[in-house]
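Student: The file below is my_file_6.cif, mmCIF, C-alpha atoms:
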```cif
data_upload
loop_
_atom_site.label_atom_id
_atom_site.label_comp_id
_atom_site.auth_asym_id
_atom_site.auth_seq_id
_atom_site.Cartn_x
_atom_site.Cartn_y
_atom_site.Cartn_z
CA MET U 30 0.00 0.00 0.00
CA ALA U 31 1.32 3.45 -0.89
CA GLY U 32 1.30 5.60 2.27
CA GLU U 33 -0.39 4.39 5.42
CA LYS U 34 -1.39 7.85 6.56
CA LYS U 35 -5.05 8.35 7.51
CA GLY U 36 -7.13 10.99 5.81
CA LEU U 37 -6.65 12.75 2.50
CA GLN U 38 -3.43 13.76 0.82
CA LEU U 39 -3.04 15.33 -2.60
CA LEU U 40 0.18 14.92 -4.58
CA ASP U 41 0.15 17.89 -6.89
CA PHE U 42 2.08 20.61 -8.73
CA TRP U 43 1.14 24.22 -8.09
CA VAL U 44 0.24 25.35 -11.62
CA SER U 45 -1.38 22.12 -12.81
CA PRO U 46 -4.97 22.69 -13.93
CA PHE U 47 -5.54 18.95 -13.40
CA GLY U 48 -4.42 19.19 -9.80
CA GLN U 49 -6.55 22.29 -9.32
CA ARG U 50 -9.64 20.35 -10.34
CA CYS U 51 -9.04 18.10 -7.34
CA ARG U 52 -8.33 21.00 -4.98
CA ILE U 53 -11.55 22.71 -6.04
CA ALA U 54 -13.57 19.52 -5.58
CA LEU U 55 -12.10 18.94 -2.11
CA ASP U 56 -12.86 22.51 -1.09
CA GLU U 57 -16.38 22.38 -2.54
CA LYS U 58 -16.96 19.40 -0.26
CA ALA U 59 -15.20 21.15 2.64
CA LEU U 60 -12.87 18.16 2.99
CA PRO U 61 -9.63 18.76 4.88
CA TYR U 62 -6.56 17.40 3.13
CA GLU U 63 -2.79 17.63 3.16
CA TYR U 64 -1.35 19.28 0.06
CA LEU U 65 2.01 17.81 -0.98
CA GLU U 66 3.79 19.84 -3.66
CA GLN U 67 5.77 17.56 -5.96
CA ASP U 68 9.08 18.21 -7.71
CA LEU U 69 8.34 16.91 -11.20
CA GLY U 70 11.98 17.11 -12.21
CA ASN U 71 12.90 14.77 -9.36
CA LYS U 72 9.88 12.62 -8.61
CA SER U 73 9.38 11.48 -5.06
CA GLU U 74 9.22 7.87 -4.01
CA LEU U 75 5.69 8.47 -2.77
CA LEU U 76 4.58 9.71 -6.19
CA LEU U 77 6.26 6.85 -8.04
CA ARG U 78 4.77 4.32 -5.64
CA SER U 79 1.31 5.89 -5.80
CA ASN U 80 1.15 6.26 -9.57
CA PRO U 81 3.57 3.69 -11.01
CA VAL U 82 1.68 3.51 -14.30
CA HIS U 83 1.76 7.18 -15.30
CA LYS U 84 4.11 8.72 -12.69
CA LYS U 85 2.02 11.89 -12.89
CA ILE U 86 0.18 14.24 -10.61
CA PRO U 87 -2.42 14.68 -9.34
CA VAL U 88 -2.77 11.67 -7.08
CA LEU U 89 -5.26 11.59 -4.23
CA LEU U 90 -4.35 9.35 -1.31
CA HIS U 91 -7.29 8.34 0.86
CA ASP U 92 -6.11 6.49 3.96
CA GLY U 93 -3.06 5.59 1.93
CA ARG U 94 -4.93 4.26 -1.12
CA PRO U 95 -4.10 6.12 -4.33
CA VAL U 96 -6.61 7.39 -6.87
CA CYS U 97 -5.12 8.71 -10.12
CA GLU U 98 -6.37 10.77 -13.09
CA SER U 99 -7.96 14.09 -12.16
CA LEU U 100 -11.51 13.46 -13.41
CA ILE U 101 -11.52 10.04 -11.80
CA ILE U 102 -10.33 11.67 -8.58
CA VAL U 103 -13.13 14.28 -8.75
CA GLN U 104 -15.73 11.56 -9.27
CA TYR U 105 -14.25 9.57 -6.41
CA ILE U 106 -14.43 12.59 -4.10
CA ASP U 107 -18.05 13.09 -5.15
CA GLU U 108 -18.98 9.44 -4.60
CA ALA U 109 -16.94 8.53 -1.52
CA PHE U 110 -18.00 11.62 0.41
CA SER U 111 -21.53 12.10 -0.89
CA SER U 112 -23.33 11.66 2.41
CA SER U 113 -20.67 12.74 4.85
CA SER U 114 -19.94 16.19 3.46
CA GLY U 115 -23.51 17.47 3.42
CA LYS U 116 -22.63 19.48 0.34
CA PRO U 117 -24.42 19.24 -3.03
CA PRO U 118 -23.09 16.57 -5.41
CA LEU U 119 -20.84 17.65 -8.26
CA LEU U 120 -22.48 15.21 -10.63
CA PRO U 121 -26.27 15.46 -10.98
CA SER U 122 -28.44 12.46 -10.08
CA ASP U 123 -30.25 12.14 -13.41
CA PRO U 124 -28.49 9.57 -15.65
CA TYR U 125 -28.77 11.67 -18.81
CA ALA U 126 -27.50 14.81 -17.10
CA ARG U 127 -24.63 12.71 -15.73
CA ALA U 128 -23.84 11.39 -19.21
CA GLN U 129 -23.78 14.90 -20.62
CA ALA U 130 -21.52 16.05 -17.78
CA ARG U 131 -19.13 13.17 -18.39
CA PHE U 132 -19.13 13.82 -22.13
CA TRP U 133 -18.21 17.49 -21.75
CA ALA U 134 -15.59 16.87 -19.07
CA ASP U 135 -14.06 14.28 -21.41
CA TYR U 136 -14.20 16.85 -24.23
CA VAL U 137 -12.23 19.33 -22.12
CA ASP U 138 -9.69 16.58 -21.41
CA LYS U 139 -9.35 15.57 -25.03
CA LYS U 140 -9.06 19.05 -26.48
CA VAL U 141 -8.08 21.98 -24.28
CA TYR U 142 -4.66 21.11 -22.85
CA ASP U 143 -3.15 19.67 -26.04
CA CYS U 144 -4.31 22.53 -28.21
CA GLY U 145 -3.21 25.06 -25.60
CA THR U 146 0.23 23.48 -25.49
CA ARG U 147 0.58 23.73 -29.25
CA LEU U 148 -0.31 27.42 -29.00
CA TRP U 149 2.80 28.24 -27.00
CA LYS U 150 5.10 25.48 -28.25
CA THR U 151 4.81 26.05 -31.97
CA LYS U 152 5.25 28.86 -34.45
CA GLY U 153 4.13 29.65 -37.97
CA GLU U 154 1.61 27.34 -39.63
CA PRO U 155 1.19 24.85 -36.75
CA GLN U 156 0.56 27.75 -34.37
CA GLN U 157 -2.01 29.25 -36.71
CA GLN U 158 -3.71 25.88 -36.88
CA ALA U 159 -3.69 25.64 -33.06
CA ARG U 160 -5.13 29.14 -32.84
CA LYS U 161 -8.01 28.22 -35.14
CA GLU U 162 -8.65 25.02 -33.20
CA MET U 163 -8.62 26.76 -29.83
CA VAL U 164 -11.22 29.27 -30.95
CA GLU U 165 -13.37 26.40 -32.21
CA ILE U 166 -12.94 24.49 -28.95
CA LEU U 167 -13.87 27.51 -26.84
CA LYS U 168 -16.89 28.27 -29.02
CA THR U 169 -18.01 24.65 -28.77
CA LEU U 170 -17.76 24.80 -24.99
CA GLU U 171 -19.59 28.12 -24.98
CA GLY U 172 -22.33 26.42 -27.00
CA ALA U 173 -22.57 23.68 -24.41
CA LEU U 174 -22.85 26.30 -21.67
CA GLY U 175 -25.66 28.09 -23.50
CA ASP U 176 -27.56 30.57 -21.37
CA LYS U 177 -27.03 28.64 -18.16
CA PRO U 178 -25.03 30.13 -15.29
CA TYR U 179 -22.97 26.93 -15.04
CA PHE U 180 -22.42 23.98 -17.36
CA GLY U 181 -24.62 21.80 -15.17
CA GLY U 182 -27.38 24.39 -14.90
CA ASP U 183 -28.01 26.43 -11.78
CA GLU U 184 -25.38 24.70 -9.70
CA PHE U 185 -21.58 24.67 -10.04
CA GLY U 186 -20.75 21.08 -10.98
CA PHE U 187 -18.53 18.51 -12.61
CA VAL U 188 -17.92 20.19 -15.96
CA ASP U 189 -17.31 23.55 -14.30
CA VAL U 190 -14.71 21.87 -12.06
CA ALA U 191 -13.16 20.18 -15.09
CA PHE U 192 -12.84 23.34 -17.15
CA VAL U 193 -12.45 26.27 -14.73
CA PRO U 194 -8.70 25.76 -14.00
CA PHE U 195 -8.04 26.41 -17.68
CA THR U 196 -9.54 29.88 -17.37
CA ALA U 197 -6.29 30.86 -15.64
CA TRP U 198 -4.63 29.90 -18.92
CA PHE U 199 -6.81 32.19 -21.07
CA LEU U 200 -4.30 35.03 -20.70
CA THR U 201 -1.50 32.74 -21.91
CA TYR U 202 -3.62 31.53 -24.84
CA GLU U 203 -4.49 35.13 -25.63
CA ARG U 204 -0.90 36.30 -25.67
CA TYR U 205 0.57 33.39 -27.61
CA GLY U 206 -2.42 32.73 -29.77
CA GLU U 207 -3.62 36.28 -30.23
CA ILE U 208 -7.08 35.20 -29.18
CA SER U 209 -9.42 37.39 -27.17
CA VAL U 210 -11.73 35.17 -25.12
CA ASP U 211 -13.80 38.24 -24.17
CA LYS U 212 -14.43 39.01 -27.84
CA GLU U 213 -14.73 35.47 -29.26
CA CYS U 214 -16.67 33.91 -26.37
CA PRO U 215 -18.23 36.58 -24.16
CA ARG U 216 -20.56 34.14 -22.41
CA LEU U 217 -17.63 31.88 -21.58
CA ALA U 218 -15.70 34.87 -20.26
CA ALA U 219 -18.71 35.75 -18.07
CA TRP U 220 -18.87 32.16 -16.82
CA ALA U 221 -15.17 32.28 -15.94
CA LYS U 222 -15.74 35.45 -13.94
CA ARG U 223 -18.77 33.94 -12.19
CA CYS U 224 -16.78 30.86 -11.19
CA GLY U 225 -13.92 33.05 -10.03
CA GLU U 226 -16.24 34.48 -7.37
CA ARG U 227 -16.49 31.08 -5.70
CA GLU U 228 -14.08 30.62 -2.85
CA SER U 229 -12.95 27.17 -3.98
CA VAL U 230 -12.00 28.54 -7.39
CA ASN U 231 -10.55 31.83 -6.21
CA LYS U 232 -8.35 30.09 -3.71
CA ASN U 233 -7.03 27.37 -6.01
CA LEU U 234 -6.53 28.83 -9.47
CA SER U 235 -3.09 30.20 -10.30
CA PRO U 236 -3.06 33.93 -11.07
CA PRO U 237 -3.06 34.21 -14.89
CA GLU U 238 0.17 36.24 -14.91
CA LYS U 239 1.89 33.47 -12.95
CA VAL U 240 0.75 30.91 -15.53
CA TYR U 241 2.12 33.11 -18.31
CA GLU U 242 5.41 33.50 -16.44
CA PHE U 243 5.60 29.74 -15.91
CA ILE U 244 5.10 29.04 -19.62
CA GLY U 245 7.78 31.61 -20.41
CA THR U 246 10.18 29.71 -18.15
CA LEU U 247 9.23 26.40 -19.79
CA LYS U 248 9.83 27.81 -23.24
CA LYS U 249 13.32 28.95 -22.26
CA LYS U 250 13.99 25.56 -20.69
CA PHE U 251 12.98 23.75 -23.88
CA GLY U 252 14.84 26.24 -26.03
CA ILE U 253 11.69 27.44 -27.77
CA GLU U 254 11.86 31.00 -29.03
CA MET H 25 -39.77 6.84 -17.26
CA SER H 26 -42.02 5.40 -19.98
CA PRO H 27 -40.33 2.97 -22.37
CA SER H 28 -38.59 4.75 -25.20
CA THR H 29 -36.99 3.40 -28.34
CA VAL H 30 -33.34 2.60 -28.07
CA LYS H 31 -31.15 2.75 -31.13
CA LEU H 32 -27.42 2.26 -31.39
CA ILE H 33 -25.36 3.67 -34.23
CA GLY H 34 -22.47 1.26 -34.63
CA ALA H 35 -20.21 -0.22 -37.26
CA PHE H 36 -19.16 -3.76 -38.08
CA GLY H 37 -15.95 -4.61 -36.32
CA SER H 38 -15.91 -1.67 -33.94
CA PRO H 39 -14.90 -2.80 -30.44
CA PHE H 40 -16.30 0.48 -29.12
CA ALA H 41 -19.74 -0.23 -30.56
CA HIS H 42 -19.46 -3.77 -29.20
CA ARG H 43 -18.97 -2.33 -25.72
CA ALA H 44 -22.29 -0.50 -25.98
CA GLU H 45 -24.08 -3.57 -27.33
CA VAL H 46 -22.84 -5.78 -24.50
CA ALA H 47 -23.97 -3.23 -21.93
CA LEU H 48 -27.45 -3.04 -23.48
CA ARG H 49 -27.76 -6.82 -23.64
CA LEU H 50 -26.56 -7.27 -20.07
CA LYS H 51 -29.45 -5.05 -19.01
CA GLY H 52 -31.87 -6.83 -21.31
CA VAL H 53 -32.64 -3.63 -23.22
CA PRO H 54 -34.01 -4.22 -26.72
CA TYR H 55 -32.41 -1.95 -29.32
CA GLU H 56 -32.19 -1.33 -33.03
CA LEU H 57 -28.69 -1.49 -34.43
CA LEU H 58 -27.92 0.99 -37.19
CA LEU H 59 -24.71 0.11 -39.00
CA GLU H 60 -22.41 2.71 -40.50
CA GLU H 61 -20.13 1.93 -43.42
CA LEU H 62 -17.27 3.95 -42.02
CA MET H 63 -14.82 3.02 -44.74
CA ILE H 64 -17.14 4.56 -47.31
CA SER H 65 -18.66 7.60 -45.62
CA LYS H 66 -20.39 8.79 -42.47
CA SER H 67 -24.16 8.97 -42.52
CA ASP H 68 -26.12 12.16 -41.96
CA LEU H 69 -27.62 10.50 -38.90
CA LEU H 70 -24.19 9.96 -37.37
CA LEU H 71 -23.00 13.46 -38.19
CA LYS H 72 -26.22 14.93 -36.79
CA HIS H 73 -25.98 13.05 -33.49
CA ASN H 74 -22.22 13.20 -32.99
CA PRO H 75 -21.15 16.42 -34.68
CA ILE H 76 -18.21 16.84 -32.33
CA HIS H 77 -16.37 13.53 -32.67
CA LYS H 78 -18.21 12.03 -35.68
CA LYS H 79 -17.60 8.54 -34.32
CA VAL H 80 -19.46 5.40 -33.35
CA PRO H 81 -20.98 4.32 -31.09
CA VAL H 82 -23.84 6.74 -30.52
CA LEU H 83 -26.72 5.73 -28.29
CA LEU H 84 -30.13 7.17 -29.08
CA HIS H 85 -32.59 6.74 -26.21
CA GLY H 86 -35.86 8.44 -27.07
CA ALA H 87 -34.86 12.06 -27.62
CA ARG H 88 -31.54 11.60 -25.86
CA THR H 89 -28.17 11.27 -27.55
CA ILE H 90 -25.16 9.84 -25.77
CA CYS H 91 -21.68 9.65 -27.32
CA GLU H 92 -18.36 8.12 -26.24
CA SER H 93 -18.44 4.41 -25.39
CA LEU H 94 -17.31 4.80 -21.77
CA VAL H 95 -19.96 7.46 -21.15
CA ILE H 96 -22.52 5.23 -22.87
CA ILE H 97 -21.72 2.23 -20.67
CA GLU H 98 -22.18 4.23 -17.47
CA TYR H 99 -25.39 5.77 -18.83
CA ILE H 100 -26.82 2.34 -19.66
CA ASP H 101 -25.86 1.13 -16.20
CA GLU H 102 -27.65 4.04 -14.54
CA ALA H 103 -30.66 4.50 -16.81
CA PHE H 104 -31.82 0.89 -16.98
CA ASP H 105 -32.62 -1.75 -14.39
CA GLY H 106 -30.76 -5.01 -14.37
CA PRO H 107 -27.48 -6.42 -13.07
CA ALA H 108 -24.95 -3.74 -12.16
CA ILE H 109 -22.20 -3.16 -14.70
CA MET H 110 -20.08 -0.79 -12.58
CA PRO H 111 -18.83 -1.81 -9.14
CA THR H 112 -20.72 -0.20 -6.26
CA ASP H 113 -17.79 0.68 -4.02
CA PRO H 114 -16.38 4.16 -4.84
CA TYR H 115 -12.75 3.00 -4.73
CA GLU H 116 -13.43 0.03 -6.97
CA ARG H 117 -15.28 2.35 -9.36
CA ALA H 118 -12.23 4.63 -9.42
CA MET H 119 -9.96 1.66 -10.17
CA ALA H 120 -12.23 0.38 -12.96
CA ARG H 121 -12.37 3.83 -14.51
CA PHE H 122 -8.59 4.17 -14.18
CA TRP H 123 -7.92 0.99 -16.15
CA ALA H 124 -10.54 1.90 -18.75
CA HIS H 125 -8.80 5.24 -19.20
CA PHE H 126 -5.45 3.41 -19.39
CA MET H 127 -6.80 1.14 -22.11
CA ASP H 128 -8.20 3.93 -24.24
CA ASN H 129 -5.47 6.50 -23.68
CA LYS H 130 -2.27 4.52 -23.19
CA CYS H 131 -2.83 1.19 -24.92
CA ALA H 132 -4.63 2.07 -28.12
CA LYS H 133 -1.78 3.90 -29.87
CA PRO H 134 1.08 1.46 -29.15
CA PHE H 135 -1.22 -1.42 -30.00
CA MET H 136 -2.03 0.09 -33.38
CA LEU H 137 1.52 1.12 -34.10
CA SER H 138 3.01 -2.22 -33.05
CA VAL H 139 1.19 -3.99 -35.86
CA TRP H 140 1.17 -1.31 -38.51
CA SER H 141 4.70 0.11 -38.20
CA GLU H 142 8.11 -1.38 -39.05
CA GLY H 143 11.73 -1.75 -37.94
CA GLU H 144 13.16 -0.17 -34.81
CA VAL H 145 10.05 1.93 -34.25
CA GLN H 146 7.95 -1.21 -34.24
CA LYS H 147 10.24 -2.92 -31.73
CA GLY H 148 9.66 -0.07 -29.28
CA PHE H 149 5.90 -0.34 -29.59
CA LEU H 150 5.95 -4.12 -29.27
CA LYS H 151 7.78 -3.74 -25.98
CA GLU H 152 5.24 -1.18 -24.79
CA VAL H 153 2.33 -3.44 -25.73
CA LYS H 154 3.77 -6.27 -23.65
CA GLU H 155 4.28 -3.93 -20.70
CA ASN H 156 0.69 -2.75 -20.98
CA LEU H 157 -0.64 -6.30 -21.20
CA ALA H 158 1.35 -7.25 -18.11
CA LEU H 159 -0.19 -4.38 -16.18
CA LEU H 160 -3.69 -5.36 -17.29
CA GLN H 161 -3.16 -9.04 -16.58
CA ALA H 162 -2.12 -8.12 -13.04
CA GLN H 163 -5.57 -6.58 -12.54
CA LEU H 164 -7.18 -9.97 -13.10
CA GLU H 165 -5.61 -11.26 -9.88
CA GLY H 166 -6.61 -14.80 -10.75
CA LYS H 167 -10.31 -13.89 -10.97
CA ARG H 168 -12.58 -15.27 -13.63
CA PHE H 169 -13.37 -11.78 -14.91
CA PHE H 170 -11.88 -8.38 -14.14
CA ALA H 171 -15.15 -7.61 -12.35
CA GLY H 172 -15.10 -10.87 -10.38
CA GLU H 173 -17.37 -13.86 -10.93
CA SER H 174 -19.37 -12.27 -13.72
CA ILE H 175 -18.77 -9.79 -16.51
CA GLY H 176 -18.56 -6.14 -15.61
CA TYR H 177 -17.35 -2.76 -16.78
CA LEU H 178 -13.66 -3.47 -17.24
CA ASP H 179 -14.28 -6.77 -19.04
CA ILE H 180 -16.46 -4.93 -21.54
CA VAL H 181 -13.95 -2.12 -21.93
CA LEU H 182 -11.08 -4.56 -22.59
CA CYS H 183 -13.05 -6.57 -25.15
CA SER H 184 -10.62 -5.88 -27.97
CA LEU H 185 -7.94 -7.82 -26.08
CA ALA H 186 -10.29 -10.80 -25.91
CA HIS H 187 -11.32 -10.97 -29.54
CA TRP H 188 -9.73 -8.38 -31.80
CA LEU H 189 -6.09 -8.92 -30.79
CA THR H 190 -5.60 -12.36 -32.36
CA VAL H 191 -7.54 -11.36 -35.46
CA ILE H 192 -5.27 -8.38 -36.04
CA GLU H 193 -2.22 -10.54 -35.40
CA GLU H 194 -3.40 -12.88 -38.11
CA ALA H 195 -4.29 -10.12 -40.56
CA THR H 196 -0.95 -8.37 -40.19
CA GLY H 197 1.29 -11.37 -39.56
CA VAL H 198 2.64 -9.62 -36.45
CA LYS H 199 2.67 -11.75 -33.32
CA LEU H 200 2.12 -9.49 -30.34
CA VAL H 201 1.73 -12.22 -27.78
CA ALA H 202 3.64 -15.51 -27.82
CA ASP H 203 1.59 -18.66 -27.22
CA ASP H 204 2.90 -19.11 -23.70
CA GLU H 205 2.64 -15.47 -22.68
CA PHE H 206 -0.06 -13.96 -20.47
CA PRO H 207 -1.90 -17.20 -19.62
CA ASP H 208 -4.37 -15.40 -17.34
CA LEU H 209 -5.35 -13.02 -20.12
CA ARG H 210 -5.80 -15.93 -22.52
CA ARG H 211 -8.03 -17.71 -20.06
CA TRP H 212 -10.04 -14.52 -19.52
CA ALA H 213 -10.34 -13.98 -23.28
CA LYS H 214 -11.87 -17.45 -23.67
CA GLU H 215 -14.28 -16.77 -20.81
CA TYR H 216 -15.27 -13.41 -22.26
CA THR H 217 -15.80 -14.55 -25.83
CA SER H 218 -17.74 -17.65 -24.82
CA ASN H 219 -20.10 -15.73 -22.55
CA GLU H 220 -23.72 -16.17 -23.72
CA ILE H 221 -24.49 -12.45 -23.78
CA VAL H 222 -21.22 -11.42 -25.40
CA LYS H 223 -21.53 -14.04 -28.13
CA GLN H 224 -24.75 -12.41 -29.35
CA CYS H 225 -22.95 -9.24 -30.40
CA LEU H 226 -19.38 -10.34 -31.06
CA PRO H 227 -18.40 -9.90 -34.71
CA ASP H 228 -17.81 -13.18 -36.53
CA ARG H 229 -14.09 -13.94 -36.43
CA ASP H 230 -13.72 -14.87 -40.10
CA GLN H 231 -15.63 -11.78 -41.19
CA LEU H 232 -13.50 -9.63 -38.89
CA LEU H 233 -10.33 -11.12 -40.36
CA ALA H 234 -11.59 -10.50 -43.89
CA PHE H 235 -12.41 -6.92 -42.89
CA TYR H 236 -8.92 -6.15 -41.59
CA THR H 237 -7.27 -7.94 -44.49
CA ALA H 238 -9.31 -5.89 -46.95
CA HIS H 239 -8.40 -2.61 -45.25
CA LEU H 240 -4.68 -3.21 -44.51
CA GLU H 241 -3.51 -0.23 -46.55
CA ARG H 242 -6.04 2.07 -44.92
CA TYR H 243 -4.87 1.11 -41.42
CA LYS H 244 -1.23 1.50 -42.44
CA MET H 245 -2.01 5.06 -43.49
CA ILE H 246 -3.80 5.80 -40.22
CA ALA H 247 -0.82 4.43 -38.29
CA LYS H 248 1.61 6.53 -40.33
CA ALA H 249 -0.42 9.66 -39.54
CA MET H 250 -0.43 8.71 -35.84
CA LEU H 251 3.35 8.36 -35.87
CA GLN H 252 3.81 11.82 -37.25
CA GLN H 253 1.76 13.45 -34.51
#
```
Turn the structure described in the file into structure tokens.
Tutor:
Amino acid sequence: MAGEKKGLQLLDFWVSPFGQRCRIALDEKALPYEYLEQDLGNKSELLLRSNPVHKKIPVLLHDGRPVCESLIIVQYIDEAFSSSSGKPPLLPSDPYARAQARFWADYVDKKVYDCGTRLWKTKGEPQQQARKEMVEILKTLEGALGDKPYFGGDEFGFVDVAFVPFTAWFLTYERYGEISVDKECPRLAAWAKRCGERESVNKNLSPPEKVYEFIGTLKKKFGIE
Amino acid sequence: MSPSTVKLIGAFGSPFAHRAEVALRLKGVPYELLLEELMISKSDLLLKHNPIHKKVPVLLHGARTICESLVIIEYIDEAFDGPAIMPTDPYERAMARFWAHFMDNKCAKPFMLSVWSEGEVQKGFLKEVKENLALLQAQLEGKRFFAGESIGYLDIVLCSLAHWLTVIEEATGVKLVADDEFPDLRRWAKEYTSNEIVKQCLPDRDQLLAFYTAHLERYKMIAKAMLQQ
């Protein structure tokens, strides 16, 4: 068994939007946990033992048992602590609403991070392609949001948790991709602002300038102009 | 909820569509199967109901549309009565979902590229496939099925290992698994493919072999494109 410690621990990396999903979910449920910042350049024994398959963060340890993959962690938090936390569930109870939530969270996973990475990692034609794709992705998500305050409807839920950490990356996408989220997707921008007013989000998202700075450092490290 | 028509947009030979069919049959849900000819073109129906990914399977339940096979399986489990497909314990659910995600995100590409690529590149993928199979076999833990005594979520998700793997080996002439390797997985594959429910919607082996043989060039092209990404 990974660690034998009782309670909840989160192996994470400060700027990771995937890790932030878990932090937001834990805070939404008012669950106390120990945050353990990981050095990804020199992975700890605990991380390697807890996630031997992918060796990635985030990893949630619950009484020493690891759960890996951010969306799986969020669902686990929702299901394992549904009665004890007294807080509303992140996933709705209706099967079709749940299916739609899972579909859109999966869409965020499949599309946003990869395209975003290409925005700052590439130049010329590939970057133009990434720019076009990102606008399409954001518009598609805006379409899924519709006129609702949150993706799930009236309540902040699973898809909001899945996507909101990436709103801290909008500034980075805007600067590298020359995209204006406010202009292209005003309803999405409004949703981001609305989510930002929640304590769990406000507390756990990286300041956009810090994300931009971090990407700048990464680019230098990888020798990308 | 009053009974509504269930239709499944699938395609011959698709392990993803098979997943959805098994789930429906496990629950005893009658459905109409609409087959796409994906090698020719995608139907208007498919494009209308899955404009985002344009892929099979797509489940149509009354006015509802559900896409993505893993999402479909969980929907079927929750929307219909019948034996549970997902485990009930939250940790076991997380584990099942983890290995499903592993299969679809980490195994699919090396599996494809190990049979459709060549030379040194191929050797690397072959090694990765064996590592992945070892990890999956370990999850069996000597049980009859990944889910325990009867078929469950992970068994359905891993269906391509049970039936498609040897067909593709035969079609391509690439042996991924030696005859004495992964005995637990072999045993499980036999159990899975001989299950009464599964048999009803498993593509005929000879037809599947003919299908892959006929489309060898197409798959080689897809693999080449994957490599360049």
Student: Please determine, counting all atoms listed in the file, which residue among H:Met119, H:Leu209, H:Cys131, H:Leu71 has the shortest atom-to-atom distance to chain U.
Tutor: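 Counting all atoms listed in the file, the residue closest to chain U is H:Met119.
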Student: Check the smallest atom-to-atom distance from each of H:Met110, H:Val153, H:Leu137, H:Ala118 to Gln252 in chain H using all atoms listed in the file, then report the winner.
Tutor: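 Closest to Gln252 in chain H, using all atoms listed in the file: H:Leu137.
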Student: Go ahead and compute the interatomic distance for CA of Gly145 in chain U and CA of Tyr202 in chain U, in Å to one decimal.
Tutor: 6.5 Å
Student: Just how far from CA of Ile106 in chain U is CA of Tyr136 in chain U, in Å to one decimal?
Tutor: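 Computed distance, CA of Tyr136 in chain U to CA of Ile106 in chain U, equals 20.6 Å.
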Student: With only C-alpha atoms counted and 12 Å as the cut-off, give the residues of chain H in contact with chain U, each with its shortest interatomic distance in Å and the pair that gives it, as a Markdown table.
Tutor:
```
| residue | atom | partner | partner_atom | distance |
| --- | --- | --- | --- | --- |
| H:Met25 | CA | U:Asp123 | CA | 11.6 |
| H:Asn74 | CA | U:Phe132 | CA | 11.3 |
| H:Pro75 | CA | U:Thr169 | CA | 10.6 |
| H:Ile76 | CA | U:Thr169 | CA | 8.6 |
| H:His77 | CA | U:Tyr136 | CA | 9.3 |
| H:Val82 | CA | U:Phe132 | CA | 11.9 |
| H:Leu83 | CA | U:Ala128 | CA | 11.1 |
| H:Leu84 | CA | U:Tyr125 | CA | 11.3 |
| H:His85 | CA | U:Tyr125 | CA | 9.7 |
| H:Gly86 | CA | U:Tyr125 | CA | 11.4 |
| H:Ala87 | CA | U:Tyr125 | CA | 10.7 |
| H:Arg88 | CA | U:Tyr125 | CA | 7.6 |
| H:Thr89 | CA | U:Tyr125 | CA | 8.8 |
| H:Ile90 | CA | U:Ala128 | CA | 6.9 |
| H:Cys91 | CA | U:Phe132 | CA | 7.1 |
| H:Glu92 | CA | U:Phe132 | CA | 7.1 |
| H:Ser93 | CA | U:Phe132 | CA | 10.0 |
| H:Leu94 | CA | U:Arg131 | CA | 9.2 |
| H:Val95 | CA | U:Ala128 | CA | 5.9 |
| H:Ile96 | CA | U:Ala128 | CA | 7.3 |
| H:Ile97 | CA | U:Ala128 | CA | 9.5 |
| H:Glu98 | CA | U:Ala128 | CA | 7.6 |
| H:Tyr99 | CA | U:Ala128 | CA | 5.8 |
| H:Ile100 | CA | U:Pro124 | CA | 8.4 |
| H:Asp101 | CA | U:Pro124 | CA | 8.9 |
| H:Glu102 | CA | U:Pro124 | CA | 5.7 |
| H:Ala103 | CA | U:Pro124 | CA | 5.6 |
| H:Phe104 | CA | U:Pro124 | CA | 9.4 |
| H:Thr112 | CA | U:Glu108 | CA | 9.9 |
| H:Asp113 | CA | U:Ala109 | CA | 8.3 |
| H:Pro114 | CA | U:Ala109 | CA | 5.5 |
| H:Tyr115 | CA | U:Tyr105 | CA | 6.9 |
| H:Glu116 | CA | U:Tyr105 | CA | 9.6 |
| H:Arg117 | CA | U:Tyr105 | CA | 7.9 |
| H:Ala118 | CA | U:Ile101 | CA | 6.0 |
| H:Met119 | CA | U:Val96 | CA | 7.4 |
| H:Ala120 | CA | U:Ile101 | CA | 9.8 |
| H:Arg121 | CA | U:Ile101 | CA | 6.8 |
| H:Phe122 | CA | U:Ile101 | CA | 7.0 |
| H:Trp123 | CA | U:Val82 | CA | 10.1 |
| H:Ala124 | CA | U:Ile101 | CA | 10.7 |
| H:His125 | CA | U:Glu98 | CA | 8.6 |
| H:Phe126 | CA | U:Val82 | CA | 8.8 |
| H:Met127 | CA | U:Val82 | CA | 11.8 |
| H:Asp128 | CA | U:Lys139 | CA | 11.7 |
| H:Asn129 | CA | U:Lys139 | CA | 10.0 |
| H:Lys130 | CA | U:His83 | CA | 9.3 |
| H:Cys131 | CA | U:Val82 | CA | 11.8 |
| H:Glu155 | CA | U:Val82 | CA | 10.2 |
| H:Asn156 | CA | U:Val82 | CA | 9.2 |
| H:Ala158 | CA | U:Val82 | CA | 11.4 |
| H:Leu159 | CA | U:Val82 | CA | 8.3 |
| H:Leu160 | CA | U:Val82 | CA | 10.8 |
| H:Gln253 | CA | U:Asp143 | CA | 11.6 |
```
Student: Find the distance between CA of Tyr241 in chain U and CA of Pro87 in chain U and write it in Å to one decimal.
Tutor: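 Distance reported for this atom pair: 21.0 Å.
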Student: Using only C-alpha atoms, which of the listed residues (U:Thr146, U:Gln49, U:Thr151, U:Ser99) sits closest to Ala134 in chain U?
Tutor: U:Ser99
